[in-house]
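Note: the block below is entry.cif and it holds mmCIF, C-alpha atoms.
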```cif
data_my_file
#
loop_
_atom_site.label_atom_id
_atom_site.label_comp_id
_atom_site.auth_asym_id
_atom_site.auth_seq_id
_atom_site.Cartn_x
_atom_site.Cartn_y
_atom_site.Cartn_z
CA MET V 1 -153.95 111.58 68.69
CA ILE V 2 -153.64 109.14 65.76
CA ARG V 3 -154.93 105.68 66.51
CA PRO V 4 -152.65 102.73 65.60
CA ARG V 5 -155.51 100.99 63.80
CA ALA V 6 -156.03 104.03 61.56
CA VAL V 7 -152.28 104.16 60.81
CA ASN V 8 -152.31 100.46 59.89
CA ARG V 9 -155.29 100.98 57.58
CA ARG V 10 -153.57 103.88 55.81
CA SER V 11 -150.28 102.00 55.40
CA GLY V 12 -152.14 98.93 54.11
CA SER V 13 -154.10 101.05 51.62
CA ARG V 14 -150.87 102.70 50.42
CA ALA V 15 -149.24 99.31 49.90
CA ARG V 16 -152.22 98.06 47.90
CA GLY V 17 -152.15 101.21 45.77
CA LEU V 18 -148.47 100.74 44.95
CA ALA V 19 -149.09 97.11 44.05
CA ILE V 20 -151.89 98.07 41.63
CA LEU V 21 -149.73 100.80 40.08
CA SER V 22 -146.93 98.32 39.40
CA LEU V 23 -149.14 95.66 37.75
CA PRO V 24 -148.91 97.00 34.13
CA GLY V 25 -145.11 97.22 34.36
CA LEU V 26 -144.88 93.72 35.80
CA TRP V 27 -147.10 92.45 32.99
CA VAL V 28 -144.87 93.98 30.30
CA ALA V 29 -141.78 92.57 32.04
CA ALA V 30 -143.37 89.12 32.11
CA VAL V 31 -144.22 89.31 28.39
CA LEU V 32 -140.65 90.30 27.50
CA GLY V 33 -139.35 87.52 29.71
CA LEU V 34 -141.43 84.99 27.79
CA VAL V 35 -140.27 86.43 24.44
CA TYR V 36 -136.61 85.92 25.29
CA ALA V 37 -137.02 82.76 27.35
CA VAL V 38 -139.08 80.93 24.71
CA PRO V 39 -137.70 81.98 21.31
CA GLY V 40 -139.70 80.92 18.23
CA GLY V 41 -143.02 79.10 18.30
CA VAL V 42 -145.70 81.13 20.12
CA GLN V 43 -145.53 84.91 19.56
CA TRP V 44 -145.84 86.46 23.05
CA THR V 45 -145.29 90.09 22.05
CA PRO V 46 -148.96 90.96 21.24
CA ALA V 47 -149.83 90.10 24.85
CA ALA V 48 -148.26 93.44 25.85
CA VAL V 49 -151.42 95.09 24.50
CA ALA V 50 -153.10 94.14 27.79
CA ALA V 51 -150.91 96.58 29.81
CA PRO V 52 -153.12 99.69 29.30
CA VAL V 53 -156.20 97.53 29.89
CA ILE V 54 -154.76 96.43 33.23
CA ALA V 55 -153.98 100.05 34.13
CA CYS V 56 -157.51 101.16 33.20
CA ALA V 57 -159.11 98.38 35.26
CA GLY V 58 -156.72 98.93 38.18
CA THR V 59 -156.20 102.58 39.09
CA GLY V 60 -158.22 104.13 36.26
CA ARG V 61 -155.81 107.10 36.20
CA ARG V 62 -155.20 108.56 32.75
CA ARG V 63 -151.52 109.12 33.42
CA CYS V 64 -151.08 105.50 34.44
CA VAL V 65 -152.88 104.38 31.27
CA LEU V 66 -150.54 106.51 29.10
CA VAL V 67 -147.42 105.21 30.83
CA SER V 68 -148.63 101.63 30.48
CA GLY V 69 -149.34 102.22 26.79
CA GLY V 70 -145.82 103.59 26.30
CA LEU V 71 -144.37 100.51 27.98
CA ALA V 72 -146.46 98.27 25.74
CA VAL V 73 -145.30 100.09 22.57
CA ALA V 74 -141.69 99.76 23.70
CA ALA V 75 -142.20 96.06 24.46
CA VAL V 76 -143.60 95.47 20.98
CA ALA V 77 -140.85 97.44 19.25
CA LEU V 78 -137.97 95.89 21.19
CA PRO V 79 -137.94 92.29 19.89
CA ASP V 80 -137.62 91.72 16.13
CA THR V 81 -140.67 89.54 15.45
CA GLY V 82 -141.70 90.77 12.01
CA GLN V 83 -145.06 91.91 13.38
CA LEU V 84 -144.00 95.36 14.57
CA LEU V 85 -146.49 97.53 12.66
CA GLY V 86 -149.59 95.45 13.37
CA SER V 87 -148.76 95.01 17.03
CA GLU V 88 -148.09 98.72 17.57
CA VAL V 89 -151.34 99.68 15.83
CA ALA V 90 -153.17 97.28 18.14
CA VAL V 91 -151.47 98.78 21.18
CA LEU V 92 -152.33 102.34 20.10
CA ALA V 93 -155.96 101.40 19.43
CA VAL V 94 -156.32 99.76 22.83
CA LEU V 95 -154.53 102.72 24.43
CA ALA V 96 -156.99 105.20 22.89
CA VAL V 97 -159.98 103.21 24.10
CA CYS V 98 -158.57 102.80 27.61
CA PHE V 99 -157.68 106.50 27.83
CA ARG V 100 -161.25 107.41 26.89
CA LEU V 101 -162.63 104.98 29.46
CA ALA V 102 -160.28 106.34 32.13
CA ASP V 103 -161.40 109.90 31.36
CA ARG V 104 -165.05 108.88 31.66
CA ARG V 105 -164.33 106.99 34.86
CA ALA V 106 -162.66 110.06 36.38
CA ARG V 107 -165.69 112.24 35.56
CA LEU V 108 -168.11 109.68 36.98
CA ALA V 109 -166.01 109.34 40.14
CA ALA V 110 -166.05 113.13 40.63
CA GLU V 111 -169.83 113.18 40.11
CA LEU V 112 -170.26 110.30 42.58
CA ASP V 113 -168.17 112.10 45.21
CA ARG V 114 -170.32 115.20 44.81
CA THR V 115 -173.51 113.14 45.09
CA ARG V 116 -172.20 111.52 48.26
CA GLU V 117 -171.42 114.93 49.77
CA ILE V 118 -174.99 116.06 49.07
CA ALA V 119 -176.42 112.83 50.51
CA VAL V 120 -174.30 113.11 53.67
CA ALA V 121 -175.38 116.75 54.15
CA ALA V 122 -179.05 115.81 53.71
CA GLN V 123 -178.77 112.91 56.14
CA GLN V 124 -177.05 115.09 58.75
CA VAL V 125 -179.90 117.60 58.51
CA LEU V 126 -182.41 114.80 59.12
CA LEU V 127 -180.51 113.17 61.99
CA PRO V 128 -177.73 115.56 63.08
CA PRO V 129 -175.06 114.57 65.59
CA LEU V 130 -176.24 114.97 69.17
CA PRO V 131 -174.65 117.65 71.36
CA GLN V 132 -172.32 116.35 74.07
CA CYS V 133 -174.41 117.91 76.83
CA VAL V 134 -178.13 118.73 77.02
CA GLY V 135 -179.52 120.39 80.16
CA GLY V 136 -176.79 119.03 82.43
CA LEU V 137 -176.94 115.50 80.97
CA ALA V 138 -174.11 113.97 79.00
CA VAL V 139 -175.58 112.62 75.77
CA ALA V 140 -174.30 110.18 73.15
CA GLY V 141 -175.98 108.26 70.37
CA ASP V 142 -175.24 106.25 67.27
CA HIS V 143 -177.15 104.56 64.47
CA LEU V 144 -176.50 102.17 61.61
CA SER V 145 -178.63 101.69 58.52
CA ALA V 146 -179.34 98.34 56.93
CA SER V 147 -179.17 100.02 53.50
CA ARG V 148 -175.65 99.87 52.15
CA GLY V 149 -174.06 103.30 51.84
CA ALA V 150 -176.81 105.08 53.83
CA ARG V 151 -176.20 106.76 57.16
CA VAL V 152 -179.83 106.97 58.21
CA GLY V 153 -182.72 104.54 58.01
CA GLY V 154 -185.90 103.68 59.85
CA ASP V 155 -184.60 104.36 63.38
CA LEU V 156 -184.79 107.80 64.97
CA TYR V 157 -183.76 109.60 68.13
CA GLU V 158 -183.51 113.15 69.42
CA VAL V 159 -182.72 114.87 72.73
CA LEU V 160 -183.84 118.44 73.44
CA ALA V 161 -183.66 120.89 76.34
CA THR V 162 -187.16 122.34 76.72
CA PRO V 163 -188.97 124.55 79.24
CA TYR V 164 -190.33 121.33 80.78
CA GLY V 165 -187.00 119.55 81.18
CA VAL V 166 -184.90 117.38 78.92
CA ARG V 167 -187.07 115.43 76.51
CA ALA V 168 -185.95 112.54 74.34
CA VAL V 169 -187.52 110.30 71.74
CA ILE V 170 -186.33 107.04 70.25
CA GLY V 171 -188.31 105.07 67.70
CA ASP V 172 -188.31 102.40 65.05
CA VAL V 173 -190.39 102.78 61.87
CA ARG V 174 -191.85 99.68 60.25
CA GLY V 175 -189.48 98.68 57.49
CA HIS V 176 -185.89 99.80 57.35
CA GLY V 177 -183.32 101.65 55.31
CA LEU V 178 -184.14 104.31 52.75
CA GLU V 179 -187.81 103.34 52.42
CA ALA V 180 -188.52 104.53 55.96
CA ILE V 181 -186.71 107.89 55.82
CA GLY V 182 -189.85 109.89 54.95
CA THR V 183 -191.65 108.69 58.08
CA VAL V 184 -188.57 109.41 60.21
CA ALA V 185 -188.42 112.97 58.88
CA ALA V 186 -192.12 113.57 59.61
CA LEU V 187 -191.87 112.29 63.19
CA LEU V 188 -188.64 114.10 64.07
CA GLY V 189 -189.95 117.38 62.69
CA SER V 190 -193.12 117.03 64.76
CA PHE V 191 -191.21 116.09 67.93
CA ARG V 192 -188.84 119.06 67.66
CA GLU V 193 -191.84 121.39 67.66
CA ALA V 194 -194.11 119.58 70.10
CA ALA V 195 -191.43 119.01 72.75
CA HIS V 196 -191.17 122.78 73.27
CA ASP V 197 -194.90 123.52 73.00
CA GLU V 198 -196.66 120.76 74.95
CA PRO V 199 -196.51 120.86 78.77
CA GLU V 200 -197.27 117.12 79.07
CA LEU V 201 -195.71 114.13 77.34
CA GLY V 202 -199.22 112.97 76.41
CA GLY V 203 -199.60 116.12 74.31
CA VAL V 204 -196.33 115.34 72.53
CA LEU V 205 -197.63 111.85 71.78
CA HIS V 206 -200.84 113.29 70.29
CA ARG V 207 -198.80 115.56 68.01
CA LEU V 208 -196.64 112.68 66.83
CA ASP V 209 -199.72 110.54 66.18
CA ARG V 210 -201.30 113.28 64.06
CA ALA V 211 -198.04 113.83 62.17
CA LEU V 212 -197.79 110.11 61.37
CA HIS V 213 -201.37 109.94 60.07
CA ARG V 214 -200.87 113.06 57.93
CA HIS V 215 -197.73 111.58 56.47
CA LEU V 216 -199.39 108.25 55.65
CA ARG V 217 -202.65 109.73 54.35
CA GLY V 218 -203.50 108.44 50.88
CA ARG V 219 -200.74 105.85 50.81
CA ALA V 220 -201.32 102.24 49.91
CA HIS V 221 -201.18 99.91 52.94
CA ALA V 222 -201.22 102.93 55.29
CA ALA V 223 -203.28 100.91 57.80
CA GLU V 224 -200.35 98.48 58.14
CA GLU V 225 -197.76 101.13 58.95
CA PHE V 226 -196.69 101.65 62.56
CA VAL V 227 -193.85 103.00 64.69
CA THR V 228 -192.58 101.67 68.00
CA LEU V 229 -191.76 104.73 70.04
CA MET V 230 -190.60 105.86 73.47
CA LEU V 231 -190.93 109.37 74.85
CA LEU V 232 -188.87 110.28 77.90
CA GLU V 233 -188.73 113.36 80.10
CA LEU V 234 -186.29 114.30 82.86
CA GLY V 235 -187.57 117.18 84.93
CA GLU V 236 -185.52 119.69 86.89
CA ASP V 237 -185.74 117.35 89.90
CA CYS V 238 -184.24 114.57 87.71
CA GLY V 239 -187.49 112.61 87.88
CA VAL V 240 -187.92 110.33 84.89
CA GLN V 241 -191.27 110.00 83.09
CA VAL V 242 -191.84 107.67 80.14
CA ILE V 243 -194.51 106.90 77.54
CA ASN V 244 -193.77 103.60 75.84
CA CYS V 245 -195.52 102.66 72.59
CA GLY V 246 -194.39 99.09 72.00
CA HIS V 247 -190.70 99.93 72.23
CA PRO V 248 -187.96 97.84 73.93
CA GLN V 249 -187.41 98.77 77.56
CA PRO V 250 -184.43 100.99 78.35
CA TYR V 251 -181.80 100.12 80.94
CA ARG V 252 -180.73 102.08 84.01
CA LEU V 253 -176.97 101.90 84.49
CA CYS V 254 -175.85 102.09 88.12
CA PRO V 255 -172.07 101.58 88.26
CA GLY V 256 -170.13 101.54 91.49
CA HIS V 257 -172.71 99.65 93.60
CA PRO V 258 -171.17 96.39 94.85
CA GLY V 259 -173.54 93.44 94.92
CA GLN V 260 -175.98 95.06 92.51
CA PRO V 261 -176.18 94.60 88.73
CA SER V 262 -174.76 97.58 86.85
CA ALA V 263 -177.56 97.43 84.24
CA ARG V 264 -181.22 96.95 85.15
CA PRO V 265 -184.34 97.25 82.98
CA LEU V 266 -186.25 100.45 83.65
CA GLU V 267 -189.81 99.61 84.65
CA THR V 268 -192.02 101.65 82.31
CA GLY V 269 -195.34 99.98 83.06
CA GLU V 270 -197.71 98.38 80.57
CA PRO V 271 -196.79 99.80 77.16
CA PHE V 272 -199.24 101.22 74.65
CA PRO V 273 -199.43 99.55 71.25
CA PRO V 274 -197.12 100.97 68.56
CA LEU V 275 -197.98 104.40 67.24
CA GLY V 276 -200.32 104.18 64.27
CA LEU V 277 -202.09 101.05 65.51
CA PHE V 278 -204.16 102.67 68.30
CA ASP V 279 -205.89 105.88 69.30
CA PRO V 280 -203.96 107.52 72.18
CA GLY V 281 -207.23 108.79 73.66
CA PRO V 282 -207.78 112.20 75.20
CA ASP V 283 -205.23 111.99 78.00
CA PRO V 284 -202.40 109.42 77.73
CA LYS V 285 -200.41 109.51 80.96
CA ALA V 286 -196.66 109.30 81.36
CA VAL V 287 -195.36 106.68 83.80
CA PRO V 288 -193.08 107.95 86.64
CA CYS V 289 -189.89 105.85 86.77
CA GLY V 290 -188.06 107.34 89.75
CA GLU V 291 -185.09 109.67 89.64
CA LEU V 292 -181.90 109.51 87.63
CA LEU V 293 -179.32 109.85 90.38
CA SER V 294 -175.90 111.40 89.98
CA GLY V 295 -173.56 109.01 88.14
CA GLN V 296 -176.42 106.94 86.70
CA ALA V 297 -177.31 106.68 83.02
CA LEU V 298 -180.18 105.55 80.83
CA PHE V 299 -179.42 103.32 77.86
CA LEU V 300 -182.06 103.29 75.11
CA HIS V 301 -182.01 101.17 71.97
CA THR V 302 -184.11 99.87 69.09
CA ASP V 303 -185.02 96.24 68.46
CA GLY V 304 -182.44 96.02 65.68
CA VAL V 305 -179.90 95.60 68.49
CA MET V 306 -181.64 92.74 70.31
CA ASP V 307 -182.72 90.92 67.15
CA ALA V 308 -179.30 90.89 65.48
CA ARG V 309 -177.81 87.42 64.97
CA ASP V 310 -174.36 86.09 64.30
CA ALA V 311 -173.41 83.48 61.68
CA ALA V 312 -174.56 80.68 64.02
CA GLY V 313 -177.98 82.29 64.53
CA GLU V 314 -177.29 83.44 68.10
CA PHE V 315 -178.94 86.69 69.21
CA PHE V 316 -176.78 89.62 70.28
CA PRO V 317 -176.29 89.34 74.09
CA LEU V 318 -177.18 92.95 74.86
CA LEU V 319 -177.35 92.82 78.67
CA PRO V 320 -173.96 91.08 79.24
CA VAL V 321 -172.34 93.35 76.66
CA LEU V 322 -173.89 96.42 78.26
CA GLU V 323 -172.74 95.44 81.76
CA GLY V 324 -169.25 94.69 80.48
CA ALA V 325 -169.08 97.95 78.54
CA ALA V 326 -170.30 99.91 81.58
CA ALA V 327 -167.60 98.29 83.73
CA GLN V 328 -164.89 98.95 81.14
CA THR V 329 -165.82 102.56 80.46
CA ALA V 330 -166.25 103.47 84.15
CA SER V 331 -163.35 105.66 85.20
CA HIS V 332 -162.32 107.35 88.45
CA GLY V 333 -164.95 107.05 91.15
CA GLY V 334 -167.18 104.79 89.07
CA ALA V 335 -168.14 107.53 86.58
CA LEU V 336 -169.35 106.47 83.15
CA SER V 337 -168.47 107.98 79.82
CA ALA V 338 -171.52 108.16 77.54
CA PRO V 339 -169.56 108.31 74.22
CA ALA V 340 -167.23 105.49 75.31
CA LEU V 341 -170.20 103.35 76.33
CA VAL V 342 -171.89 103.83 72.94
CA ASP V 343 -168.62 103.08 71.12
CA ALA V 344 -168.08 99.90 73.13
CA VAL V 345 -171.61 98.55 72.50
CA ARG V 346 -171.40 99.44 68.79
CA ALA V 347 -168.04 97.68 68.45
CA SER V 348 -169.40 94.53 70.13
CA PHE V 349 -172.49 94.67 67.92
CA LEU V 350 -170.42 94.88 64.72
CA ARG V 351 -168.17 92.03 65.86
CA HIS V 352 -171.23 89.90 66.58
CA THR V 353 -172.89 90.56 63.22
CA ARG V 354 -169.64 90.91 61.24
CA GLY V 355 -171.07 94.11 59.83
CA ARG V 356 -173.97 92.34 58.11
CA LEU V 357 -177.12 94.17 59.23
CA THR V 358 -180.61 92.92 58.44
CA ASP V 359 -182.29 95.81 60.28
CA ASP V 360 -181.43 99.35 61.33
CA MET V 361 -180.14 99.90 64.84
CA ALA V 362 -179.87 102.90 67.15
CA LEU V 363 -178.28 103.53 70.55
CA LEU V 364 -178.86 106.45 72.91
CA VAL V 365 -177.29 107.17 76.32
CA LEU V 366 -178.33 109.89 78.78
CA HIS V 367 -175.84 110.19 81.63
CA ARG V 368 -176.25 112.42 84.66
CA ASP V 369 -172.63 113.37 85.23
CA ALA V 370 -173.10 117.01 86.25
CA PRO V 371 -175.57 119.18 88.17
CA ARG V 372 -178.76 119.82 86.23
CA VAL V 373 -179.16 123.27 84.67
CA PRO V 374 -182.76 124.55 84.85
CA VAL V 375 -184.14 125.46 81.44
CA GLN V 376 -185.92 128.82 81.33
CA SER V 377 -189.09 129.24 79.38
CA GLY V 378 -189.40 132.05 76.88
CA ALA V 379 -191.49 134.13 79.30
CA GLN V 380 -188.97 133.67 82.13
CA ALA V 381 -186.06 134.61 79.90
CA GLY V 382 -187.96 137.69 78.69
CA SER V 383 -188.71 138.78 82.28
CA ALA V 384 -185.05 138.44 83.27
CA ARG V 385 -183.99 140.41 80.20
CA THR V 386 -186.46 143.20 80.99
CA ALA V 387 -185.39 143.40 84.61
CA THR V 388 -181.67 143.71 84.03
CA GLY V 389 -181.09 144.37 80.37
CA VAL V 390 -178.93 141.25 80.24
CA PRO V 391 -180.49 138.02 78.84
CA GLY V 392 -181.01 135.33 81.49
CA VAL V 393 -179.69 137.44 84.44
CA PRO V 394 -182.27 138.50 87.07
CA ARG V 395 -182.16 141.84 88.80
CA PRO V 396 -180.27 141.61 92.11
#
```
Give the structure from the file, written as structure tokens.
Amino acid sequence: MIRPRAVNRRSGSRARGLAILSLPGLWVAAVLGLVYAVPGGVQWTPAAVAAPVIACAGTGRRRCVLVSGGLAVAAVALPDTGQLLGSEVAVLAVLAVCFRLADRRARLAAELDRTREIAVAAQQVLLPPLPQCVGGLAVAGDHLSASRGARVGGDLYEVLATPYGVRAVIGDVRGHGLEAIGTVAALLGSFREAAHDEPELGGVLHRLDRALHRHLRGRAHAAEEFVTLMLLELGEDCGVQVINCGHPQPYRLCPGHPGQPSARPLETGEPFPPLGLFDPGPDPKAVPCGELLSGQALFLHTDGVMDARDAAGEFFPLLPVLEGAAAQTASHGGALSAPALVDAVRASFLRHTRGRLTDDMALLVLHRDAPRVPVQSGAQAGSARTATGVPGVPRP
């Protein structure tokens, strides 16, 4: 399905392209009009030399530059002004320079496109798109970088199905944009390993803390670096456990309950300080936060969402926007759509800030819209395979 807005953008871009292509011809026509409309006095013919310059600055296409140069030569040769040879030499000289510039511009544009492809591939490896479903939970996320042209920055998130349930992390590195990417890579790499190895969330936190200190070792101002972080686990019984290290509280979305707010802060207890500014101790405990019931969702975000301001200095009204988006995206029977909810909040955020970001932002939604699928450990899967010869199928 093609969206009307996308069609309008393409038609508008095509119209602008045609207008730019026609500028050199319109310039030559205007010069000839002046030559014949104002005979004698000022010699307007040499002004046609600007046609290939306009083409080079406009589209930058070599063919367009050549056509514009031909039009300029014809414009100079057409009127009898007594300056034919000098004017045509000037046109040819300008044409040669513009053609060379257009050729160089084309090579640089091709090199830039290739560099962008490499950058996009590298960024997708660091923070790949989330799967639509993880362990029976519908998942959606999005992020925006404060660095122009970058797709990743100092915010991170990940959702994994592990032998201990679905585990998720969301965090915000001190600083933003490209300068924080190294820390994001270190933490995500550590989480993707630790989430499968550690039976307790406290163990995952220890691994992340060690990874952060290894990454910052030997750096100037390492003692000032920190990461606000939240670890979350949903067990097979849909019980939610959280370790919060100075991160904004998530929201529990409960649509379809008359008389109750559709978005409520999830009580995560007294948070730890941000990671990097404290010693987790030998046994940091996760806080039980009840169950995620069928139809409910958890909305997690970074402080770049709450702290965003509009032109008048007003903060982004996250809670009203979230409740409105939850109501709008709820479909038959009060069911939410995780991707639609993320899209709605992102659109409201961009309207509020007019696309001018001063900090990175990230959104993450975990929606229980289907029965949970128990995740087998490696040992369990191996036992089932040995018993039946078929992976994951027990002997009858």
Taking only C-alpha atoms into account, which of V:Arg214, V:Arg356, V:Arg167, V:Arg192 comes nearest V:Leu231?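 Using only C-alpha atoms, V:Leu231 sits closest to V:Arg167.
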Under the PyMOL selection byres ((chain V and resi 247-252) around 7), which residues of this model are included? Write them out as JSON, numbers by chain. {"V": [228, 229, 230, 244, 245, 246, 253, 254, 263, 264, 265, 266, 297, 298, 299, 300, 301, 302, 303]}
What gap, in Å, lies between atom CA of V:Val227 and atom CA of V:Gly171?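 Those two atoms sit 6.6 Å apart.
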Selection in question (the file shown): the PyMOL selection byres ((chain V and resi 106-122) around 9). Which residues does it include, as a list in words? Gly60, Arg61, Arg62, Leu101, Ala102, Asp103, Arg104, Arg105, Gln123, Gln124, Val125, Leu126, Leu127, Ala150 and Arg151 of chain V
Those selected residues, please, written with C-alpha atoms and delivered as a PDB file, in the coordinates of the input.
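Everything below was put into out-v3.pdb:
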```
ATOM      1  CA  GLY V  60    -158.220 104.130  36.260  1.00  0.00           C
ATOM      2  CA  ARG V  61    -155.810 107.100  36.200  1.00  0.00           C
ATOM      3  CA  ARG V  62    -155.200 108.560  32.750  1.00  0.00           C
ATOM      4  CA  LEU V 101    -162.630 104.980  29.460  1.00  0.00           C
ATOM      5  CA  ALA V 102    -160.280 106.340  32.130  1.00  0.00           C
ATOM      6  CA  ASP V 103    -161.400 109.900  31.360  1.00  0.00           C
ATOM      7  CA  ARG V 104    -165.050 108.880  31.660  1.00  0.00           C
ATOM      8  CA  ARG V 105    -164.330 106.990  34.860  1.00  0.00           C
ATOM      9  CA  GLN V 123    -178.770 112.910  56.140  1.00  0.00           C
ATOM     10  CA  GLN V 124    -177.050 115.090  58.750  1.00  0.00           C
ATOM     11  CA  VAL V 125    -179.900 117.600  58.510  1.00  0.00           C
ATOM     12  CA  LEU V 126    -182.410 114.800  59.120  1.00  0.00           C
ATOM     13  CA  LEU V 127    -180.510 113.170  61.990  1.00  0.00           C
ATOM     14  CA  ALA V 150    -176.810 105.080  53.830  1.00  0.00           C
ATOM     15  CA  ARG V 151    -176.200 106.760  57.160  1.00  0.00           C
TER      16      ARG V 151
END
```
Using the chain letters and numbers from the file, which residues does the PyMOL selection byres ((chain V and resi 138-140) around 7) grab, as a PyMOL selection string? chain V and resi 130-134+136-137+141+338-339+342+364-369
Which residues, written as number ranges by chain, have at least one atom at most 8 Å from stretch 319-322 of chain V, with all atoms listed in the file counted and residues fewer than 4 positions away on the same chain left out? V: 263, 326, 345, 348
Can you pull out the residues contacting stretch 307-313 of chain V? Cut-off 7 Å, using only C-alpha atoms, and skip same-chain residues under 3 positions away; I want them as an mmCIF file with C-alpha atoms, in the coordinates of the input.
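Below is the file part-v8.cif, written as the result:
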```cif
data_model
loop_
_atom_site.group_PDB
_atom_site.id
_atom_site.type_symbol
_atom_site.label_atom_id
_atom_site.label_comp_id
_atom_site.auth_asym_id
_atom_site.auth_seq_id
_atom_site.Cartn_x
_atom_site.Cartn_y
_atom_site.Cartn_z
ATOM 1 C CA ASP V 303 -185.020 96.240 68.460
ATOM 2 C CA GLY V 304 -182.440 96.020 65.680
ATOM 3 C CA PHE V 316 -176.780 89.620 70.280
ATOM 4 C CA HIS V 352 -171.230 89.900 66.580
ATOM 5 C CA THR V 353 -172.890 90.560 63.220
#
```
Please list, as a ChimeraX atom specification, the residues that have an atom at most 12 Å away from (-198.3, 102.4, 69.6) in the coordinates of this file, counting only C-alpha atoms. /V:171-174,205-206,208-209,212,225-231,243-247,270-281,284
Which value, in Å to one decimal, gives the distance between atom CA of V:Gly154 and atom CA of V:Arg217?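 We find that atom CA of V:Gly154 and atom CA of V:Arg217 lie 18.6 Å from each other.
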Got a sec: who's within 9 Å of V:Val287, counting all atoms listed in the file, leaving out chain neighbours fewer than 4 positions off, as a VMD selection string? chain V and resid 240 to 244 268 to 269
Could you tell me how far atom CA of V:Pro255 sits from atom CA of V:Met306, in Å to one decimal place?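 Pair atom CA of V:Met306 / atom CA of V:Pro255 returns 22.2 Å.
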Using all atoms listed in the file: which of V:Leu292, V:Asp237, V:Thr183, V:Gly355 has the shortest distance to V:Ala222: V:Thr183
Residues proximal to (-185.1, 106.8, 90.7) were defined as those with any atom within 9 Å of that point in the file's coordinates, counting all atoms listed in the file. Which are they, as number ranges by chain? V: 238-240, 289-293
Counting only C-alpha atoms, which of V:Pro282, V:Ala327, V:Leu188, V:Leu357 gets nearest to V:Ala344?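 For V:Ala344, the nearest of the candidates is V:Ala327.
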For V:Leu144, list every protein, DNA or RNA residue within 7 Å, evaluated using all atoms listed in the file, and leave out those in the same chain fewer than 6 positions away; present the list as a ChimeraX atom specification. /V:151-152,360-362
Restricted to N, CA, C and O atoms, what does stretch 279-289 of chain V look like when written out as a compact mmCIF listing (two decimals), in the first residue's frame?
```
# COMPACT_ATOMS: atom_id res chain seq x y z
N ASP V 279 29.08 1.01 43.18
CA ASP V 279 29.44 -0.40 43.17
C ASP V 279 28.17 -1.21 43.42
O ASP V 279 27.52 -1.05 44.46
N PRO V 280 27.75 -2.07 42.47
CA PRO V 280 26.50 -2.82 42.65
C PRO V 280 26.49 -3.71 43.87
O PRO V 280 25.41 -4.15 44.30
N GLY V 281 27.66 -4.01 44.47
CA GLY V 281 27.67 -4.89 45.63
C GLY V 281 27.59 -6.35 45.21
O GLY V 281 27.43 -6.68 44.03
N PRO V 282 27.64 -7.25 46.16
CA PRO V 282 27.69 -8.67 45.81
C PRO V 282 26.37 -9.24 45.29
O PRO V 282 26.37 -10.22 44.56
N ASP V 283 25.25 -8.64 45.67
CA ASP V 283 23.97 -9.29 45.34
C ASP V 283 22.87 -8.25 45.12
O ASP V 283 21.94 -8.14 45.93
N PRO V 284 22.93 -7.47 44.02
CA PRO V 284 21.84 -6.53 43.75
C PRO V 284 20.56 -7.29 43.39
O PRO V 284 20.58 -8.22 42.58
N LYS V 285 19.46 -6.93 44.03
CA LYS V 285 18.20 -7.65 43.86
C LYS V 285 17.29 -6.94 42.86
O LYS V 285 17.18 -5.71 42.86
N ALA V 286 16.62 -7.75 42.05
CA ALA V 286 15.59 -7.22 41.17
C ALA V 286 14.32 -6.98 41.96
O ALA V 286 14.02 -7.69 42.93
N VAL V 287 13.54 -5.99 41.55
CA VAL V 287 12.30 -5.62 42.24
C VAL V 287 11.12 -6.26 41.51
O VAL V 287 10.92 -6.02 40.31
N PRO V 288 10.31 -7.10 42.19
CA PRO V 288 9.10 -7.64 41.54
C PRO V 288 8.08 -6.52 41.30
O PRO V 288 7.83 -5.70 42.18
N CYS V 289 7.49 -6.50 40.12
CA CYS V 289 6.54 -5.44 39.74
C CYS V 289 5.22 -6.01 39.26
O CYS V 289 4.55 -5.41 38.40
```
